[in-house]
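File shown: model12.cif (mmCIF, C-alpha atoms).
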data_start
#
loop_
_atom_site.group_PDB
_atom_site.id
_atom_site.type_symbol
_atom_site.label_atom_id
_atom_site.label_comp_id
_atom_site.auth_asym_id
_atom_site.auth_seq_id
_atom_site.Cartn_x
_atom_site.Cartn_y
_atom_site.Cartn_z
ATOM 1 C CA MET E 1 0.000 0.000 0.000
ATOM 2 C CA PRO E 2 1.391 3.443 -0.896
ATOM 3 C CA LEU E 3 2.422 5.968 1.712
ATOM 4 C CA PRO E 4 0.765 9.366 1.901
ATOM 5 C CA ARG E 5 2.961 12.360 1.286
ATOM 6 C CA MET E 6 4.519 13.091 4.656
ATOM 7 C CA THR E 7 4.119 16.841 4.498
ATOM 8 C CA ILE E 8 4.430 18.729 7.736
ATOM 9 C CA PRO E 9 0.633 19.230 7.880
ATOM 10 C CA THR E 10 0.128 15.465 7.364
ATOM 11 C CA GLN E 11 2.582 14.764 10.166
ATOM 12 C CA ARG E 12 0.730 17.191 12.448
ATOM 13 C CA VAL E 13 -2.616 15.516 11.670
ATOM 14 C CA LEU E 14 -1.128 12.083 12.399
ATOM 15 C CA ASP E 15 0.387 13.361 15.654
ATOM 16 C CA ALA E 16 -3.039 14.694 16.686
ATOM 17 C CA LEU E 17 -4.737 11.375 15.887
ATOM 18 C CA LEU E 18 -2.032 9.343 17.635
ATOM 19 C CA ALA E 19 -2.413 11.352 20.856
ATOM 20 C CA ASP E 20 -5.305 8.970 21.614
ATOM 21 C CA PRO E 21 -5.541 6.358 18.852
ATOM 22 C CA SER E 22 -8.830 4.954 20.141
ATOM 23 C CA ALA E 23 -10.595 8.332 20.147
ATOM 24 C CA GLU E 24 -13.024 9.476 17.500
ATOM 25 C CA LEU E 25 -12.401 13.097 16.549
ATOM 26 C CA TYR E 26 -14.296 15.318 14.167
ATOM 27 C CA GLY E 27 -12.432 17.453 11.673
ATOM 28 C CA ILE E 28 -12.357 20.681 13.659
ATOM 29 C CA GLU E 29 -11.025 18.834 16.709
ATOM 30 C CA VAL E 30 -8.234 17.378 14.569
ATOM 31 C CA GLY E 31 -7.492 20.814 13.149
ATOM 32 C CA ASP E 32 -7.406 22.423 16.583
ATOM 33 C CA ALA E 33 -5.089 19.717 17.940
ATOM 34 C CA ALA E 34 -2.835 19.984 14.877
ATOM 35 C CA GLY E 35 -2.942 23.781 14.728
ATOM 36 C CA LEU E 36 -4.231 23.680 11.157
ATOM 37 C CA PRO E 37 -7.247 25.161 9.363
ATOM 38 C CA SER E 38 -10.162 23.030 8.209
ATOM 39 C CA GLY E 39 -9.282 23.503 4.532
ATOM 40 C CA THR E 40 -5.926 21.847 5.169
ATOM 41 C CA VAL E 41 -7.123 19.093 7.513
ATOM 42 C CA HIS E 42 -10.076 17.679 5.590
ATOM 43 C CA PRO E 43 -8.172 16.771 2.389
ATOM 44 C CA ILE E 44 -5.529 15.049 4.539
ATOM 45 C CA LEU E 45 -8.214 13.099 6.410
ATOM 46 C CA ALA E 46 -9.818 12.066 3.108
ATOM 47 C CA ARG E 47 -6.443 10.916 1.746
ATOM 48 C CA LEU E 48 -5.680 8.905 4.899
ATOM 49 C CA GLU E 49 -9.126 7.345 4.835
ATOM 50 C CA GLY E 50 -8.607 6.369 1.193
ATOM 51 C CA LEU E 51 -5.432 4.562 2.223
ATOM 52 C CA GLY E 52 -7.297 2.647 4.935
ATOM 53 C CA TRP E 53 -5.505 4.409 7.795
ATOM 54 C CA LEU E 54 -8.759 5.946 9.068
ATOM 55 C CA THR E 55 -12.423 5.134 9.238
ATOM 56 C CA SER E 56 -15.115 7.756 9.434
ATOM 57 C CA ARG E 57 -18.761 7.940 10.329
ATOM 58 C CA TRP E 58 -21.393 10.628 10.357
ATOM 59 C CA GLU E 59 -22.843 11.571 13.700
ATOM 60 C CA ASP E 60 -26.406 10.349 14.090
ATOM 61 C CA ILE E 61 -28.240 13.542 15.042
ATOM 62 C CA ASP E 62 -31.124 15.615 13.774
ATOM 63 C CA PRO E 63 -29.449 18.887 12.746
ATOM 64 C CA SER E 64 -32.647 20.867 13.323
ATOM 65 C CA VAL E 65 -32.820 19.618 16.925
ATOM 66 C CA ALA E 66 -29.077 19.926 17.595
ATOM 67 C CA GLY E 67 -28.921 23.361 15.990
ATOM 68 C CA ARG E 68 -25.837 22.429 13.974
ATOM 69 C CA PRO E 69 -24.877 20.112 11.128
ATOM 70 C CA ALA E 70 -23.916 16.509 11.800
ATOM 71 C CA ARG E 71 -20.208 15.968 12.392
ATOM 72 C CA ARG E 72 -18.045 13.446 10.627
ATOM 73 C CA TYR E 73 -15.909 11.543 13.119
ATOM 74 C CA TYR E 74 -12.539 10.007 12.225
ATOM 75 C CA GLN E 75 -10.630 7.231 13.968
ATOM 76 C CA LEU E 76 -7.363 5.485 13.186
ATOM 77 C CA THR E 77 -7.673 1.842 12.184
ATOM 78 C CA PRO E 78 -5.332 -0.683 13.844
ATOM 79 C CA HIS E 79 -3.349 -0.734 10.585
ATOM 80 C CA GLY E 80 -3.448 3.069 10.537
ATOM 81 C CA VAL E 81 -1.965 3.315 14.029
ATOM 82 C CA GLN E 82 0.991 1.135 13.017
ATOM 83 C CA ALA E 83 1.385 2.812 9.624
ATOM 84 C CA ALA E 84 1.223 6.315 11.132
ATOM 85 C CA GLN E 85 3.778 5.489 13.821
ATOM 86 C CA SER E 86 6.102 3.974 11.221
ATOM 87 C CA ALA E 87 5.690 6.865 8.770
ATOM 88 C CA LEU E 88 6.310 9.457 11.465
ATOM 89 C CA ALA E 89 9.370 7.568 12.713
ATOM 90 C CA ARG E 90 10.778 7.577 9.161
ATOM 91 C CA ALA E 91 9.999 11.277 8.726
ATOM 92 C CA TYR E 92 11.573 12.209 12.052
ATOM 93 C CA ARG E 93 14.580 9.963 11.419
ATOM 94 C CA GLY E 94 15.124 11.736 8.089
ATOM 95 C CA GLU E 95 14.883 15.099 9.796
ATOM 96 C CA ALA E 96 17.498 14.070 12.374
ATOM 97 C CA ARG E 97 19.883 13.110 9.570
ATOM 98 C CA GLY E 98 19.513 16.527 8.025
ATOM 99 C CA ARG E 99 17.199 15.425 5.245
ATOM 100 C CA PRO E 100 14.391 17.875 4.730
ATOM 101 C CA ARG E 101 10.858 16.776 5.395
ATOM 102 C CA PRO E 102 8.449 15.853 3.773
ATOM 103 C CA LEU E 103 9.083 12.195 3.009
ATOM 104 C CA GLY E 104 6.816 9.692 1.276
ATOM 105 C CA GLY E 105 5.254 9.307 -2.098
ATOM 106 C CA PRO E 106 2.349 10.936 -3.843
ATOM 107 C CA ALA E 107 -1.137 10.287 -2.531
#

Would you write out, as structure tokens, the structure that this file holds?
Amino acid sequence: MPLPRMTIPTQRVLDALLADPSAELYGIEVGDAAGLPSGTVHPILARLEGLGWLTSRWEDIDPSVAGRPARRYYQLTPHGVQAAQSALARAYRGEARGRPRPLGGPA
């Protein structure tokens, strides 16, 4: 399976998700934890989900009762936890050797 591009924003999203791998977070929570805007976070989440690193689900609410739209929650898969840890280790190892980040292939 291909690796996502390990851009700095991708690394920050993975760090945020790995803070509690069993937690379900919605996009704005991921963005807040990563210090990134929604327009940056959501394409990264979609790319990671396409690779099988994440699953997502829509919140089961009535938006008219809740007074807000339903949220889409994301969670790392068991494979995603291992893949994210490995990818971040490679990215950080490259940084320590003086290689510039990002690492990884297109995705």

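Running the PyMOL selection byres ((chain E and resi 81) around 12) on this file leaves Leu14, Asp15, Ala16, Leu17, Leu18, Ala19, Asp20, Pro21, Ser22, Ala23, Leu48, Gly52, Trp53, Leu54, Thr55, Gln75, Leu76, Thr77, Pro78, His79, Gly80, Gln82, Ala83, Ala84, Gln85, Ser86, Ala87 and Leu88 of chain E selected.
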
Rounded to one decimal, what separation in Å do you get between CA of Pro37 in chain E and CA of Gly50 in chain E? 20.5 Å

Which value, in Å to one decimal, gives the distance between CA of Arg12 in chain E and CA of Arg57 in chain E? 21.7 Å

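Around Ala46 in chain E, within 12 Å and counting all atoms listed in the file, the residues found are Pro4, Thr10, Val13, Gly27, Gly39, Thr40, Val41, Leu51, Gly52, Trp53, Leu54, Thr55, Ser56, Arg72, Tyr73, Tyr74, Gln75 and Ala107 of chain E, once anything fewer than 5 positions away on its own chain is removed.
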
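We find CA of Arg90 in chain E and CA of Pro43 in chain E to be spaced 22.1 Å apart.
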
Could you complete range 25-46 of chain E so that it carries N, CA and C atoms, and give it back as a PDB file, keeping the file's coordinate frame?
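Listing of selection-v1.pdb after writing:
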ATOM      1  N   LEU E  25     -12.465  11.639  16.581  1.00  0.00           N
ATOM      2  CA  LEU E  25     -12.401  13.097  16.549  1.00  0.00           C
ATOM      3  C   LEU E  25     -13.078  13.605  15.292  1.00  0.00           C
ATOM      4  N   TYR E  26     -13.763  14.723  15.387  1.00  0.00           N
ATOM      5  CA  TYR E  26     -14.296  15.318  14.167  1.00  0.00           C
ATOM      6  C   TYR E  26     -13.273  16.310  13.626  1.00  0.00           C
ATOM      7  N   GLY E  27     -13.449  16.689  12.386  1.00  0.00           N
ATOM      8  CA  GLY E  27     -12.432  17.453  11.673  1.00  0.00           C
ATOM      9  C   GLY E  27     -11.917  18.679  12.384  1.00  0.00           C
ATOM     10  N   ILE E  28     -12.804  19.465  12.978  1.00  0.00           N
ATOM     11  CA  ILE E  28     -12.357  20.681  13.659  1.00  0.00           C
ATOM     12  C   ILE E  28     -11.514  20.341  14.882  1.00  0.00           C
ATOM     13  N   GLU E  29     -11.849  19.258  15.570  1.00  0.00           N
ATOM     14  CA  GLU E  29     -11.025  18.834  16.709  1.00  0.00           C
ATOM     15  C   GLU E  29      -9.625  18.453  16.240  1.00  0.00           C
ATOM     16  N   VAL E  30      -9.543  17.750  15.119  1.00  0.00           N
ATOM     17  CA  VAL E  30      -8.234  17.378  14.569  1.00  0.00           C
ATOM     18  C   VAL E  30      -7.465  18.640  14.208  1.00  0.00           C
ATOM     19  N   GLY E  31      -8.143  19.563  13.535  1.00  0.00           N
ATOM     20  CA  GLY E  31      -7.492  20.814  13.149  1.00  0.00           C
ATOM     21  C   GLY E  31      -6.997  21.614  14.336  1.00  0.00           C
ATOM     22  N   ASP E  32      -7.825  21.695  15.378  1.00  0.00           N
ATOM     23  CA  ASP E  32      -7.406  22.423  16.583  1.00  0.00           C
ATOM     24  C   ASP E  32      -6.188  21.761  17.222  1.00  0.00           C
ATOM     25  N   ALA E  33      -6.212  20.436  17.327  1.00  0.00           N
ATOM     26  CA  ALA E  33      -5.089  19.717  17.940  1.00  0.00           C
ATOM     27  C   ALA E  33      -3.820  19.843  17.102  1.00  0.00           C
ATOM     28  N   ALA E  34      -3.989  19.895  15.778  1.00  0.00           N
ATOM     29  CA  ALA E  34      -2.835  19.984  14.877  1.00  0.00           C
ATOM     30  C   ALA E  34      -2.417  21.425  14.615  1.00  0.00           C
ATOM     31  N   GLY E  35      -3.252  22.375  15.001  1.00  0.00           N
ATOM     32  CA  GLY E  35      -2.942  23.781  14.728  1.00  0.00           C
ATOM     33  C   GLY E  35      -3.071  24.130  13.264  1.00  0.00           C
ATOM     34  N   LEU E  36      -4.051  23.497  12.594  1.00  0.00           N
ATOM     35  CA  LEU E  36      -4.231  23.680  11.157  1.00  0.00           C
ATOM     36  C   LEU E  36      -5.674  24.055  10.839  1.00  0.00           C
ATOM     37  N   PRO E  37      -5.882  24.802   9.750  1.00  0.00           N
ATOM     38  CA  PRO E  37      -7.247  25.161   9.363  1.00  0.00           C
ATOM     39  C   PRO E  37      -7.981  23.989   8.711  1.00  0.00           C
ATOM     40  N   SER E  38      -9.292  24.074   8.748  1.00  0.00           N
ATOM     41  CA  SER E  38     -10.162  23.030   8.209  1.00  0.00           C
ATOM     42  C   SER E  38      -9.845  22.707   6.754  1.00  0.00           C
ATOM     43  N   GLY E  39      -9.567  23.718   5.952  1.00  0.00           N
ATOM     44  CA  GLY E  39      -9.282  23.503   4.532  1.00  0.00           C
ATOM     45  C   GLY E  39      -8.008  22.719   4.278  1.00  0.00           C
ATOM     46  N   THR E  40      -7.143  22.651   5.254  1.00  0.00           N
ATOM     47  CA  THR E  40      -5.926  21.847   5.169  1.00  0.00           C
ATOM     48  C   THR E  40      -6.172  20.449   5.719  1.00  0.00           C
ATOM     49  N   VAL E  41      -6.920  20.364   6.810  1.00  0.00           N
ATOM     50  CA  VAL E  41      -7.123  19.093   7.513  1.00  0.00           C
ATOM     51  C   VAL E  41      -8.007  18.124   6.731  1.00  0.00           C
ATOM     52  N   HIS E  42      -9.119  18.598   6.210  1.00  0.00           N
ATOM     53  CA  HIS E  42     -10.076  17.679   5.590  1.00  0.00           C
ATOM     54  C   HIS E  42      -9.528  16.930   4.374  1.00  0.00           C
ATOM     55  N   PRO E  43      -8.767  17.563   3.486  1.00  0.00           N
ATOM     56  CA  PRO E  43      -8.172  16.771   2.389  1.00  0.00           C
ATOM     57  C   PRO E  43      -7.187  15.714   2.896  1.00  0.00           C
ATOM     58  N   ILE E  44      -6.461  16.023   3.955  1.00  0.00           N
ATOM     59  CA  ILE E  44      -5.529  15.049   4.539  1.00  0.00           C
ATOM     60  C   ILE E  44      -6.313  13.877   5.117  1.00  0.00           C
ATOM     61  N   LEU E  45      -7.386  14.170   5.848  1.00  0.00           N
ATOM     62  CA  LEU E  45      -8.214  13.099   6.410  1.00  0.00           C
ATOM     63  C   LEU E  45      -8.797  12.222   5.303  1.00  0.00           C
ATOM     64  N   ALA E  46      -9.257  12.838   4.228  1.00  0.00           N
ATOM     65  CA  ALA E  46      -9.818  12.066   3.108  1.00  0.00           C
ATOM     66  C   ALA E  46      -8.748  11.173   2.483  1.00  0.00           C
TER      67      ALA E  46
END
